[in-house]
>>> print(open('final-v7.txt').read())   # compact mmCIF, C-alpha atoms
# COMPACT_ATOMS: atom_id res chain seq x y z
CA MET H 1 -13.39 132.27 -250.05
CA PRO H 2 -15.55 129.35 -248.86
CA ARG H 3 -17.39 130.11 -245.60
CA PRO H 4 -15.48 127.54 -243.46
CA LEU H 5 -12.19 129.07 -244.56
CA ARG H 6 -13.47 132.59 -243.84
CA VAL H 7 -14.45 131.49 -240.31
CA ILE H 8 -11.04 129.92 -239.71
CA ALA H 9 -9.25 133.01 -241.05
CA ALA H 10 -11.34 135.32 -238.87
CA ALA H 11 -10.68 133.20 -235.83
CA PHE H 12 -6.96 133.16 -236.59
CA ALA H 13 -6.97 136.95 -236.98
CA LEU H 14 -8.76 137.29 -233.65
CA LEU H 15 -6.13 135.11 -231.97
CA LEU H 16 -3.37 137.28 -233.44
CA VAL H 17 -5.02 140.47 -232.19
CA THR H 18 -5.56 138.96 -228.74
CA ALA H 19 -1.96 137.77 -228.59
CA CYS H 20 -0.64 141.16 -229.65
CA ASN H 21 -2.80 142.97 -227.12
CA SER H 22 -1.65 140.57 -224.39
CA ALA H 23 1.99 141.04 -225.33
CA SER H 24 1.69 144.81 -225.39
CA THR H 25 0.10 145.01 -221.95
CA SER H 26 1.71 142.13 -220.07
CA GLY H 27 4.55 144.30 -218.79
CA SER H 28 2.23 146.70 -216.98
CA SER H 29 -0.85 144.66 -216.16
CA PRO H 30 -1.21 144.30 -212.37
CA SER H 31 -2.03 140.60 -212.77
CA SER H 32 1.39 139.99 -214.33
CA VAL H 33 3.29 141.41 -211.35
CA ARG H 34 3.97 139.01 -208.50
CA GLY H 35 1.94 139.97 -205.43
CA VAL H 36 0.16 142.90 -207.07
CA THR H 37 -3.51 142.93 -208.08
CA ALA H 38 -5.80 145.75 -209.09
CA ASP H 39 -6.60 146.45 -205.44
CA SER H 40 -3.88 144.87 -203.28
CA ILE H 41 -0.12 144.53 -202.68
CA LYS H 42 1.02 141.38 -200.89
CA VAL H 43 3.89 141.79 -198.41
CA GLY H 44 5.54 139.45 -195.89
CA GLY H 45 8.33 139.64 -193.34
CA ILE H 46 11.22 137.61 -191.92
CA VAL H 47 11.96 138.12 -188.22
CA SER H 48 13.78 136.22 -185.45
CA MET H 49 10.67 135.59 -183.37
CA THR H 50 12.31 132.80 -181.35
CA THR H 51 15.98 132.08 -180.62
CA ALA H 52 18.02 129.57 -178.65
CA SER H 53 18.96 132.26 -176.12
CA GLY H 54 15.36 133.35 -175.58
CA TYR H 55 15.93 136.72 -177.26
CA SER H 56 13.05 137.70 -179.50
CA LYS H 57 12.37 140.37 -182.10
CA LYS H 58 8.70 139.39 -182.37
CA ASP H 59 7.48 142.95 -181.84
CA THR H 60 9.07 143.85 -185.18
CA ASP H 61 6.01 142.17 -186.69
CA LEU H 62 3.65 144.28 -184.56
CA GLY H 63 5.43 147.47 -185.62
CA ALA H 64 5.14 146.60 -189.30
CA ARG H 65 1.48 145.65 -188.95
CA ALA H 66 0.77 148.96 -187.21
CA ARG H 67 2.21 150.94 -190.12
CA TYR H 68 0.47 148.86 -192.78
CA ASP H 69 -2.83 149.19 -190.90
CA ARG H 70 -2.52 152.96 -190.96
CA ALA H 71 -1.72 152.95 -194.67
CA ASN H 72 -4.83 150.86 -195.33
CA ALA H 73 -6.99 153.08 -193.12
CA GLU H 74 -5.86 156.05 -195.22
CA GLY H 75 -6.94 154.34 -198.45
CA GLY H 76 -3.89 152.25 -199.25
CA ILE H 77 -1.08 152.98 -201.69
CA ASN H 78 -2.35 154.54 -204.91
CA GLY H 79 -5.67 152.80 -204.38
CA ARG H 80 -4.26 149.41 -203.35
CA LYS H 81 -4.52 147.97 -199.84
CA ILE H 82 -1.54 146.24 -198.25
CA GLU H 83 -2.14 142.53 -197.67
CA TYR H 84 0.41 141.91 -194.93
CA LEU H 85 0.92 138.19 -194.32
CA GLY H 86 2.91 138.68 -191.13
CA ALA H 87 6.50 137.63 -190.47
CA GLU H 88 8.10 134.23 -190.92
CA ASP H 89 10.20 133.14 -187.92
CA ASP H 90 13.77 132.30 -188.94
CA GLY H 91 14.81 131.29 -185.40
CA GLN H 92 18.01 133.24 -186.06
CA ASP H 93 19.11 130.26 -188.15
CA PRO H 94 20.64 130.75 -191.65
CA ALA H 95 18.89 127.72 -193.16
CA ARG H 96 15.50 128.86 -191.84
CA ASN H 97 16.16 132.40 -193.04
CA LEU H 98 16.69 131.14 -196.60
CA ALA H 99 13.69 128.81 -196.32
CA ALA H 100 11.51 131.72 -195.19
CA ALA H 101 12.63 133.82 -198.16
CA ARG H 102 11.86 130.98 -200.58
CA LYS H 103 8.44 130.39 -199.03
CA LEU H 104 7.42 134.03 -199.25
CA ILE H 105 8.35 134.27 -202.92
CA GLN H 106 7.68 130.81 -204.35
CA GLN H 107 4.64 129.86 -202.28
CA ASP H 108 3.06 133.05 -200.96
CA LYS H 109 3.99 135.12 -204.04
CA VAL H 110 4.67 138.37 -202.17
CA PHE H 111 5.70 141.52 -204.00
CA ALA H 112 8.04 142.61 -201.20
CA VAL H 113 9.65 141.46 -197.95
CA SER H 114 9.36 144.12 -195.27
CA PRO H 115 10.46 143.85 -192.49
CA MET H 116 13.57 141.63 -192.44
CA SER H 117 15.24 141.68 -189.04
CA SER H 118 17.74 139.02 -187.94
CA VAL H 119 21.46 138.60 -187.26
CA THR H 120 21.58 136.29 -190.27
CA PHE H 121 20.46 136.97 -193.84
CA ALA H 122 21.15 133.78 -195.76
CA GLY H 123 18.15 134.58 -197.96
CA ALA H 124 19.70 137.81 -199.24
CA ASP H 125 21.21 136.40 -202.44
CA PHE H 126 17.97 134.60 -203.30
CA LEU H 127 15.83 137.72 -202.76
CA GLU H 128 18.21 139.85 -204.81
CA ALA H 129 18.31 137.29 -207.63
CA GLN H 130 14.50 137.22 -207.66
CA LYS H 131 14.41 141.04 -207.67
CA VAL H 132 12.31 141.26 -204.52
CA PRO H 133 12.13 144.72 -202.87
CA THR H 134 13.27 144.01 -199.31
CA VAL H 135 13.47 146.45 -196.40
CA GLY H 136 14.91 145.71 -192.97
CA TRP H 137 17.41 146.62 -190.30
CA GLY H 138 20.66 147.25 -192.16
CA THR H 139 22.96 145.68 -189.57
CA LEU H 140 24.34 143.19 -192.11
CA PRO H 141 26.45 143.87 -195.22
CA SER H 142 23.72 142.38 -197.44
CA PHE H 143 21.86 145.69 -197.08
CA CYS H 144 24.86 147.60 -198.41
CA GLY H 145 24.98 147.54 -202.19
CA PRO H 146 22.46 145.04 -203.66
CA ALA H 147 19.94 146.83 -205.83
CA HIS H 148 16.72 145.52 -204.26
CA LEU H 149 17.69 145.41 -200.55
CA TYR H 150 17.19 148.51 -198.37
CA GLY H 151 18.07 149.31 -194.75
CA PHE H 152 15.29 151.34 -193.14
CA ASN H 153 17.94 153.69 -191.78
CA GLY H 154 20.52 152.99 -194.44
CA CYS H 155 23.61 150.80 -194.55
CA LEU H 156 25.08 150.31 -191.07
CA VAL H 157 28.02 148.06 -191.97
CA PRO H 158 29.36 149.49 -195.23
CA MET H 159 32.09 148.17 -197.46
CA PRO H 160 35.16 150.25 -198.40
CA GLY H 161 33.98 153.31 -200.26
CA GLY H 162 31.00 153.79 -197.96
CA THR H 163 30.69 155.80 -194.77
CA LEU H 164 30.22 155.19 -191.05
CA ASN H 165 27.54 156.57 -188.74
CA GLN H 166 29.28 158.32 -185.82
CA THR H 167 26.29 158.53 -183.45
CA TRP H 168 27.67 156.00 -180.97
CA PRO H 169 31.28 157.28 -180.69
CA GLU H 170 30.25 160.94 -180.64
CA GLY H 171 27.44 160.24 -178.18
CA LEU H 172 29.72 158.44 -175.74
CA ALA H 173 32.31 161.18 -176.13
CA SER H 174 29.62 163.61 -174.97
CA VAL H 175 28.80 161.37 -171.98
CA LEU H 176 32.48 161.12 -170.99
CA GLY H 177 33.19 164.81 -171.40
CA GLY H 178 35.28 164.24 -174.52
CA SER H 179 37.21 161.38 -176.09
CA ARG H 180 40.75 162.66 -175.63
CA GLY H 181 42.71 160.27 -173.45
CA LYS H 182 39.71 157.94 -173.09
CA SER H 183 39.79 154.22 -173.85
CA VAL H 184 37.02 151.89 -174.95
CA ALA H 185 36.61 148.10 -175.07
CA LEU H 186 34.41 146.59 -177.81
CA ILE H 187 33.02 143.06 -177.51
CA ALA H 188 30.68 141.12 -179.81
CA GLY H 189 29.38 137.67 -180.61
CA ASP H 190 31.25 135.32 -182.91
CA ASN H 191 28.88 135.74 -185.88
CA ASP H 192 28.72 137.83 -189.05
CA ALA H 193 26.95 140.76 -187.38
CA GLY H 194 29.42 140.73 -184.49
CA LYS H 195 32.50 140.59 -186.71
CA PHE H 196 31.32 143.43 -188.93
CA GLY H 197 30.27 145.41 -185.85
CA ILE H 198 33.74 145.13 -184.35
CA ARG H 199 35.33 146.16 -187.63
CA THR H 200 33.19 149.21 -188.17
CA PHE H 201 32.99 150.46 -184.59
CA THR H 202 36.73 150.08 -184.11
CA GLN H 203 37.26 152.54 -186.95
CA GLY H 204 34.46 154.81 -185.75
CA PHE H 205 35.71 155.09 -182.16
CA LYS H 206 39.28 155.67 -183.31
CA ALA H 207 38.10 158.42 -185.67
CA ALA H 208 36.26 160.06 -182.77
CA GLY H 209 39.51 160.22 -180.77
CA PHE H 210 39.17 157.16 -178.52
CA GLN H 211 41.88 154.62 -177.83
CA VAL H 212 40.38 151.22 -178.70
CA ALA H 213 41.90 149.05 -176.00
CA TYR H 214 40.04 145.83 -176.81
CA ALA H 215 38.01 144.80 -179.85
CA LYS H 216 36.99 141.16 -180.24
CA ALA H 217 34.06 139.15 -181.63
CA VAL H 218 34.68 136.13 -179.40
CA VAL H 219 31.48 135.32 -177.50
CA PRO H 220 29.86 132.06 -178.77
CA ALA H 221 26.83 133.05 -180.82
CA THR H 222 24.90 129.81 -180.30
CA SER H 223 25.51 129.10 -176.61
CA MET H 224 25.50 131.89 -174.03
CA PRO H 225 28.36 131.62 -171.51
CA SER H 226 27.44 130.64 -167.97
CA ASP H 227 30.72 132.09 -166.71
CA TRP H 228 31.79 135.51 -167.99
CA SER H 229 34.95 135.82 -165.91
CA ALA H 230 37.34 135.03 -168.78
CA TYR H 231 35.88 137.92 -170.79
CA THR H 232 35.63 140.41 -167.93
CA LYS H 233 39.20 139.78 -166.74
CA GLU H 234 40.59 140.46 -170.20
CA ILE H 235 38.44 143.55 -170.69
CA LEU H 236 39.22 145.04 -167.28
CA ARG H 237 42.96 144.76 -167.90
CA SER H 238 42.87 146.14 -171.44
CA GLY H 239 43.09 149.85 -170.68
CA PRO H 240 46.27 151.97 -170.49
CA GLY H 241 48.76 150.47 -168.03
CA GLY H 242 46.57 147.41 -167.50
CA ALA H 243 43.74 149.48 -166.01
CA ALA H 244 40.06 149.23 -166.85
CA PRO H 245 38.88 151.07 -169.99
CA ASP H 246 36.71 154.16 -169.62
CA ALA H 247 33.85 152.53 -171.52
CA VAL H 248 32.74 149.02 -172.40
CA VAL H 249 30.66 148.73 -175.56
CA SER H 250 28.76 145.51 -176.23
CA VAL H 251 27.56 144.71 -179.75
CA MET H 252 25.39 141.84 -178.53
CA GLN H 253 21.78 140.95 -177.76
CA THR H 254 19.99 141.35 -174.45
CA PRO H 255 20.56 137.96 -172.74
CA TYR H 256 24.29 138.24 -173.42
CA ASN H 257 24.39 141.84 -172.26
CA ILE H 258 22.69 140.98 -168.99
CA GLY H 259 25.29 138.30 -168.28
CA LEU H 260 28.24 140.47 -169.26
CA PHE H 261 27.06 143.63 -167.50
CA THR H 262 26.25 141.75 -164.30
CA ALA H 263 29.75 140.24 -164.30
CA LEU H 264 31.37 143.62 -164.96
CA LYS H 265 29.52 145.26 -162.09
CA ARG H 266 30.33 142.40 -159.70
CA SER H 267 33.99 142.88 -160.64
CA GLY H 268 33.71 146.48 -159.45
CA TYR H 269 33.72 148.18 -162.85
CA LYS H 270 32.66 151.85 -162.54
CA GLY H 271 33.06 153.05 -166.12
CA VAL H 272 30.43 153.68 -168.80
CA ILE H 273 28.63 150.64 -170.23
CA SER H 274 26.77 150.84 -173.53
CA ASP H 275 24.94 148.62 -176.03
CA PRO H 276 22.61 149.00 -179.05
CA THR H 277 19.72 146.70 -178.06
CA ASP H 278 18.40 147.19 -174.53
CA TYR H 279 15.88 149.99 -174.98
CA ASP H 280 12.87 147.99 -173.86
CA PRO H 281 10.67 148.83 -170.85
CA GLY H 282 9.55 145.20 -170.84
CA LEU H 283 13.03 144.23 -169.65
CA LEU H 284 12.48 146.08 -166.40
CA ALA H 285 9.91 143.64 -165.06
CA LYS H 286 12.62 141.47 -163.47
CA ASP H 287 14.77 142.94 -160.69
CA ALA H 288 17.92 141.11 -161.81
CA THR H 289 17.56 142.46 -165.34
CA LYS H 290 16.82 145.96 -164.09
CA GLN H 291 19.96 145.89 -161.93
CA ALA H 292 22.13 144.58 -164.77
CA LEU H 293 20.96 147.35 -167.11
CA ASP H 294 20.88 150.19 -164.57
CA GLY H 295 23.10 153.02 -165.75
CA VAL H 296 23.64 151.48 -169.20
CA HIS H 297 23.66 153.88 -172.15
CA VAL H 298 21.73 152.46 -175.10
CA LEU H 299 22.32 153.56 -178.69
CA LEU H 300 19.21 154.48 -180.65
CA GLN H 301 19.08 155.16 -184.37
CA PHE H 302 15.66 156.75 -184.16
CA GLN H 303 13.91 159.36 -182.06
CA PRO H 304 13.57 158.26 -178.41
CA PHE H 305 10.07 157.27 -177.30
CA GLU H 306 10.36 160.11 -174.79
CA SER H 307 10.18 162.56 -177.72
CA ASP H 308 6.96 164.56 -178.07
CA SER H 309 7.28 165.14 -181.82
CA PRO H 310 4.15 164.77 -184.00
CA ALA H 311 5.68 161.76 -185.77
CA MET H 312 6.27 160.01 -182.43
CA GLN H 313 2.70 160.70 -181.35
CA VAL H 314 1.42 159.07 -184.56
CA PHE H 315 3.72 156.07 -184.01
CA LYS H 316 2.44 155.54 -180.47
CA ALA H 317 -1.18 155.79 -181.58
CA ASP H 318 -0.60 153.30 -184.41
CA ILE H 319 1.07 150.79 -182.07
CA ARG H 320 -1.73 151.12 -179.52
CA LYS H 321 -4.35 150.47 -182.19
CA ALA H 322 -2.49 147.47 -183.62
CA ALA H 323 -2.16 146.06 -180.10
CA GLY H 324 -5.92 146.06 -179.69
CA GLY H 325 -6.14 149.38 -177.89
CA GLU H 326 -3.69 148.43 -175.12
CA ASP H 327 -0.84 150.67 -174.00
CA VAL H 328 1.87 148.06 -174.54
CA PRO H 329 5.46 148.85 -173.51
CA LEU H 330 7.28 150.28 -176.52
CA ASN H 331 10.56 148.79 -177.72
CA MET H 332 13.06 149.27 -180.53
CA HIS H 333 11.84 146.18 -182.42
CA MET H 334 8.46 147.84 -182.91
CA MET H 335 10.29 150.81 -184.41
CA THR H 336 12.35 148.52 -186.68
CA GLY H 337 9.20 146.96 -188.12
CA TYR H 338 7.35 150.26 -188.31
CA MET H 339 10.09 152.15 -190.14
CA SER H 340 10.87 149.23 -192.46
CA ALA H 341 7.23 149.28 -193.52
CA ASP H 342 7.29 153.07 -193.72
CA LEU H 343 10.23 153.16 -196.15
CA PHE H 344 8.63 150.50 -198.36
CA LEU H 345 5.31 152.37 -198.40
CA SER H 346 6.96 155.72 -199.14
CA ILE H 347 8.83 154.36 -202.16
CA ALA H 348 5.81 152.38 -203.40
CA GLU H 349 3.68 155.53 -203.18
CA LYS H 350 6.19 157.39 -205.33
CA ALA H 351 6.20 154.50 -207.85
CA GLY H 352 2.62 155.38 -208.79
CA LYS H 353 -0.36 153.35 -209.87
CA ASP H 354 1.61 151.16 -212.29
CA LEU H 355 3.48 149.28 -209.54
CA THR H 356 6.12 146.87 -210.79
CA VAL H 357 9.55 145.96 -209.50
CA GLU H 358 10.97 148.22 -212.20
CA SER H 359 8.78 151.20 -211.26
CA PHE H 360 9.61 150.63 -207.56
CA GLN H 361 13.33 150.69 -208.36
CA ARG H 362 12.97 153.85 -210.44
CA ALA H 363 11.12 155.51 -207.56
CA ALA H 364 13.83 154.45 -205.12
CA ASP H 365 16.55 155.93 -207.31
CA GLY H 366 16.48 159.54 -206.20
CA PHE H 367 13.99 159.06 -203.34
CA SER H 368 14.36 161.39 -200.36
CA ASP H 369 12.32 162.80 -197.52
CA THR H 370 13.03 164.66 -194.29
CA GLY H 371 12.08 164.76 -190.64
CA THR H 372 11.17 161.09 -190.19
CA LEU H 373 11.65 159.11 -186.98
CA VAL H 374 15.10 158.12 -188.30
CA GLY H 375 15.99 161.57 -189.63
CA ASP H 376 16.43 162.49 -193.28
CA ARG H 377 16.29 159.57 -195.72
CA ALA H 378 17.75 159.29 -199.22
CA GLU H 379 18.39 156.63 -201.84
CA PRO H 380 20.68 155.41 -203.26
CA LYS H 381 22.71 157.08 -200.47
CA GLY H 382 21.33 154.42 -198.12
CA LYS H 383 23.15 151.73 -200.09
CA LYS H 384 26.52 153.01 -198.88
CA GLU H 385 25.86 154.83 -195.63
CA SER H 386 23.40 155.18 -192.81
CA PHE H 387 21.12 158.18 -192.54
CA GLY H 388 23.46 159.39 -189.78
CA CYS H 389 21.11 160.20 -186.91
CA GLY H 390 20.64 158.83 -183.41
CA ALA H 391 20.53 159.34 -179.65
CA LEU H 392 21.64 157.74 -176.40
CA VAL H 393 19.25 156.90 -173.58
CA ARG H 394 20.22 155.80 -170.09
CA LEU H 395 18.36 153.58 -167.67
CA LYS H 396 18.24 155.31 -164.29
CA ASN H 397 16.14 154.32 -161.27
CA GLY H 398 14.02 152.00 -163.37
CA ARG H 399 13.25 154.57 -166.09
CA TYR H 400 14.84 155.51 -169.39
CA GLU H 401 16.00 159.09 -169.79
CA VAL H 402 17.55 160.83 -172.77
CA ALA H 403 21.30 161.12 -172.15
CA VAL H 404 22.25 162.52 -175.56
CA PRO H 405 19.41 164.01 -177.64
CA PHE H 406 18.54 162.79 -181.14
CA LYS H 407 20.97 164.40 -183.55
CA CYS H 408 22.40 163.86 -187.03
CA TYR H 409 26.19 163.51 -187.19
CA PRO H 410 28.41 163.87 -190.27
CA PRO H 411 29.52 160.40 -191.41
CA ILE H 412 33.15 159.45 -191.94
CA PRO H 413 34.65 157.48 -194.85
CA PHE H 414 34.95 153.76 -194.22
CA GLY H 415 37.99 151.90 -195.49
>>> encode(input="final-v7.txt", output="structure tokens")
Amino acid sequence: MPRPLRVIAAAFALLLVTACNSASTSGSSPSSVRGVTADSIKVGGIVSMTTASGYSKKDTDLGARARYDRANAEGGINGRKIEYLGAEDDGQDPARNLAAARKLIQQDKVFAVSPMSSVTFAGADFLEAQKVPTVGWGTLPSFCGPAHLYGFNGCLVPMPGGTLNQTWPEGLASVLGGSRGKSVALIAGDNDAGKFGIRTFTQGFKAAGFQVAYAKAVVPATSMPSDWSAYTKEILRSGPGGAAPDAVVSVMQTPYNIGLFTALKRSGYKGVISDPTDYDPGLLAKDATKQALDGVHVLLQFQPFESDSPAMQVFKADIRKAAGGEDVPLNMHMMTGYMSADLFLSIAEKAGKDLTVESFQRAADGFSDTGTLVGDRAEPKGKKESFGCGALVRLKNGRYEVAVPFKCYPPIPFG
């Protein structure tokens, strides 16, 4: 063969070998996996940092950063450090939520979104279609079923065929000395989270033996009422014989709760008041807020900060370090971010050195651990039900105290 032809043939053979080698390794090479390099994993978050009502979940970002910082200080995940980009602010707006999801994937090229905490999740379908591992607060149905979306404490608003967490009904039954003959009023905002909350908690409280006297998602979600009298009058006449119910349960955010609870107390209501959001020492800085929340029982789906467990001590130390060494007031949003990051890290660790979306999903299928700050975790169980644990704390004389200790309750079927 003439020399020029031999050179061309050799070069062609080399190209074939190179192409074959590339094809055979492209599925597992770190450089071929979005957001994963030989020494890093890129992660971002989506959080309602600002809202029209002034309510903010910004400390979710601090909680996530604290957990990622600890993972990096311990050497990372299978030799890779977490490159946490921080959380995008969706302003609690569906369009911004979707835009944030698109930015993180298409522009920032993250491997995962963790945490995701908002009352809207318009970006859910996009993230699932792009096969993005996403971990957040499972208060929306998007966290219940899709393959790549995970609630850090499971699915809290399941579809038929799933189960319901009974922490809130059983906890309030304990506070009231039993549920027999007791009535409860449920109120929520007119949004997706509120509507699903009313649906699920209505079933849960009935199953626990309560009479559900009132259950409506009617409060405007985009403009907080300046006058709560229309709501309080209806609630206070909803009990047996037109009397006040034994308990009023609000499935709303802090600014709304302050308005509603203040109006209830001014109307002379003496029953139990409860909500799932107002466990935040920072709220006690203002006298009016402290008075509105005094005596309120707050649902927690994690160990109370008053716990002295080893896991809680580590959490507090991690938050302090991430906050620059300051003893910042702890709140539930920090825990949301922290445990969202923790679940992602735990599954990624199990996935091993060859981290891909596929290996992450295989690791998640059959994942379980015990004794975490949210109780025992398991997947894919978390796609249909919560992890079933929680507590109630009560604000009394300006301090939170544990009213019902952290406990795991058997779930009930949801239909």
>>> closest_atom_pairs(input="final-v7.txt", of="segment 205-248 of chain H", to="segment 41-55 of chain H", cutoff="10 Å", atoms="only C-alpha atoms", output="tab-separated table")
residue	atom	partner	partner_atom	distance
H:Ala221	CA	H:Ser53	CA	9.2
H:Thr222	CA	H:Ala52	CA	7.1
H:Ser223	CA	H:Ser53	CA	7.3
H:Met224	CA	H:Ser53	CA	6.9
>>> residues_around(input="final-v7.txt", residues="Val251 of chain H", least_positions_apart="2", cutoff="8 Å", atoms="all atoms listed in the file", output="list in words")
Leu186, Ile187, Ala188, Gly189, Gly194, Gly197, Ile198, Val249, Gln253, Asp275 and Pro276 of chain H
>>> residues_around(input="final-v7.txt", residues="Met116 of chain H", least_positions_apart="5", cutoff="12 Å", atoms="all atoms listed in the file", output="NGL selection string")
:H and (43-49 or 57-58 or 60-61 or 64 or 86-90 or 92 or 97-98 or 100-101 or 104 or 121-124 or 127 or 133-140 or 142-143 or 149-152 or 333 or 336-341 or 344)
>>> atom_distance(input="final-v7.txt", atom1="atom CA of Gln166 of chain H", atom2="atom CA of Asp190 of chain H")
23.3 Å
>>> closest_residue(input="final-v7.txt", among="H:Glu83, H:Lys350, H:Gly242, H:Asp59", to="Pro329 of chain H", atoms="only C-alpha atoms")
H:Asp59
>>> closest_residue(input="final-v7.txt", among="H:Ala38, H:Ile347, H:Val110, H:Ala363", to="Arg80 of chain H", atoms="all atoms listed in the file")
H:Ala38
